[in-house]
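Asks: One structure follows; several queries about it will come next.
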Amino acid sequence: MSAVSLGVPDVPARPVATRRVSRRIQVGPVAVGGGAPVSVQSMTTTRTSDIGSTLQQIAELTASGCQIVRVACPTQDDADALATIARKSQIPVIADIHFQPKYVFAAIEAGCAAVRVNPGNIKQFDDKVREIARAAKDHGTPIRIGVNAGSLDRRLLQKYGKATPEALVESALWEASLFEEHDFRDIKISVKHNDPVVMIEAYRQLAAQCDYPLHLGVTEAGPAFQGTIKSAVAFGALLSEGIGDTIRVSLSAPPAEEVKVGLQILESLNLKQRGLEIVSCPSCGRAQVDVYKLAEEVTAGLTGMEVPLRVAVMGCVVNGPGEAREADLGVASGNGKGQIFVKGEVIKTVPESKIVETLIEEAMRLAEENGAADQVS
């Protein structure tokens, strides 16, 4: 018995771009770079020293699809908690280190999957590279060189006047070169800026000058709406050029929202298998049903569905039948009724009050059929 044919292919047939060739590192079990799928990261907002709360948030992030999680380590209490968190987390844990080199060594000893260092604000960081490289190599711990516009090395600010793309790239490559002097290349790099235009140019320059895997991010992107737009624009521009190996959407919102946005960006670019996709019209004067309400209710009813499914919720007879016919499941609405399509065929017509209920029932049936077929095949 073959699997139910769904409208969204299991493997994207047309990638958005040829991926930039980069070396590969392992962040725990997650490969980054070297052609590995682009991964999605987030960062906990709890005090790392509160082990229970941090692990609870990591569990929530894992459930939302997060593949790598970063935890802050500003104090000794946080450093002391790393070993337990790294051991009990379901996904790889990266320690985020600023200001104190001693916490880099603590994170490596604790078994963190990687360590992020910000060379712009760790005092005497350059003097510690030899020791850090030796410890990281001994433990098989990758290092992320994370350059931020807001904490750029003072020497580079004096040279360039501000955090230009050139300044960000020079900072990152300088620090990478220090590790290279000690034969350490298990590195990934980020050059983050809050302006997507500056950030895009920085990553383009960086991609042209090294083969390290790149962690994409728009730092301090802002509240959910603004940050989503900034991140989507910046990531879309770079990923469509094949640049980027792992991403973190930075929002002033719960971390799970960052993951949701990141996954959606990758799905939209065919860099990740699509899950549930709601195709709905923006509504207009032709609409004879409340499209907004229908789309929201269908989305809510199908949240959590893992089977890739395209569902069309359309409000009039102009584009409605065509869009509904192209989807796995859809409705073309008008005159208080809705024609329900499954695999391009009208299976029934229902009153408006029954549209949401019927779509959810049919979606569950398709998901069940697909799951049963997968078990047989």
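By order in the structure tokens, chains are A, B, ...; within a chain, residues start at 1; ligands start at 1, following the order shown.
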Stretch 166-311 of chain A: which residues are strand (DSSP E or B) by DSSP, as number ranges by chain?
Replies: A: 187-193, 214-216, 218, 223, 246-248, 252, 276-280, 309-311
Asks: Go through stretch 149-210 of chain A and flag each residue having an atom no more than 9 Å from stretch 13-33 of chain A; for those, report the closest pair of atoms plus their distance in Å to one decimal, using only C-alpha atoms, ordered by chain and rising number, as a Markdown table.
Replies:
```
| residue | atom | partner | partner_atom | distance |
| --- | --- | --- | --- | --- |
| A:Asp186 | CA | A:Ile25 | CA | 6.1 |
| A:Ile187 | CA | A:Ile25 | CA | 7.2 |
| A:Lys188 | CA | A:Ile25 | CA | 7.7 |
| A:Ala207 | CA | A:Arg20 | CA | 7.9 |
| A:Cys210 | CA | A:Ser22 | CA | 8.2 |
```
Asks: From a DSSP pass on the backbone, collect the residues of stretch 129-275 of chain A flagged as helix (DSSP H, G or I) and hand them back as a PyMOL selection string.
Replies: chain A and resi 129-139+149-151+154-160+165-180+196-209+224-239+255-268
Asks: Counting only C-alpha atoms, figure out which residue out of A:Glu166, A:Glu258, A:Asp77, A:Glu131 gets nearest to A:Thr44.
Replies: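 Once distances to A:Thr44 are computed over only C-alpha atoms, the minimum belongs to A:Glu258.
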Asks: Do a neighbour search on A:Tyr203 at 9 Å with only C-alpha atoms, toss out local chain neighbours closer than 4 positions, and write the hits as a PyMOL selection string.
Replies: chain A and resi 165+169+190-192+198-199+207-208+214+216+238+243-244
Asks: Quick one: residues within 10 Å of A:Val313, only C-alpha atoms counted, chain neighbours fewer than 6 positions away excluded, as a list in words?
Replies: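 Residues near the query, excluding close chain neighbours: Ile278, Val279, Ser280, Cys281, Val291, Tyr292, Leu294, Ala295, Glu296, Val298, Gly320, Glu323, Ala324, Ala327, Leu329, Gly330, Val331, Ala332, Ser333, Gly338, Ile340, Ile355, Val356 and Leu359 of chain A.
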Asks: Between A:Asp290, A:Glu362, A:Glu257, A:Asp328, single out the one closest to A:Glu277, counting only C-alpha atoms.
Replies: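 For A:Glu277, the nearest of the given residues is A:Asp328.
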Asks: My list of candidates is A:Ala221, A:Leu206, A:Ile108, A:Ala79. Which is closest to A:Gly140 when distances are computed with only C-alpha atoms?
Replies: A:Ile108
Asks: Taking 4 positions as the minimum chain separation for residues in the same chain, which residues sit within 9 Å of A:Leu302 when counting only C-alpha atoms? Answer as a VMD selection string.
Replies: chain A and resid 276 297 to 298 360 363 to 364
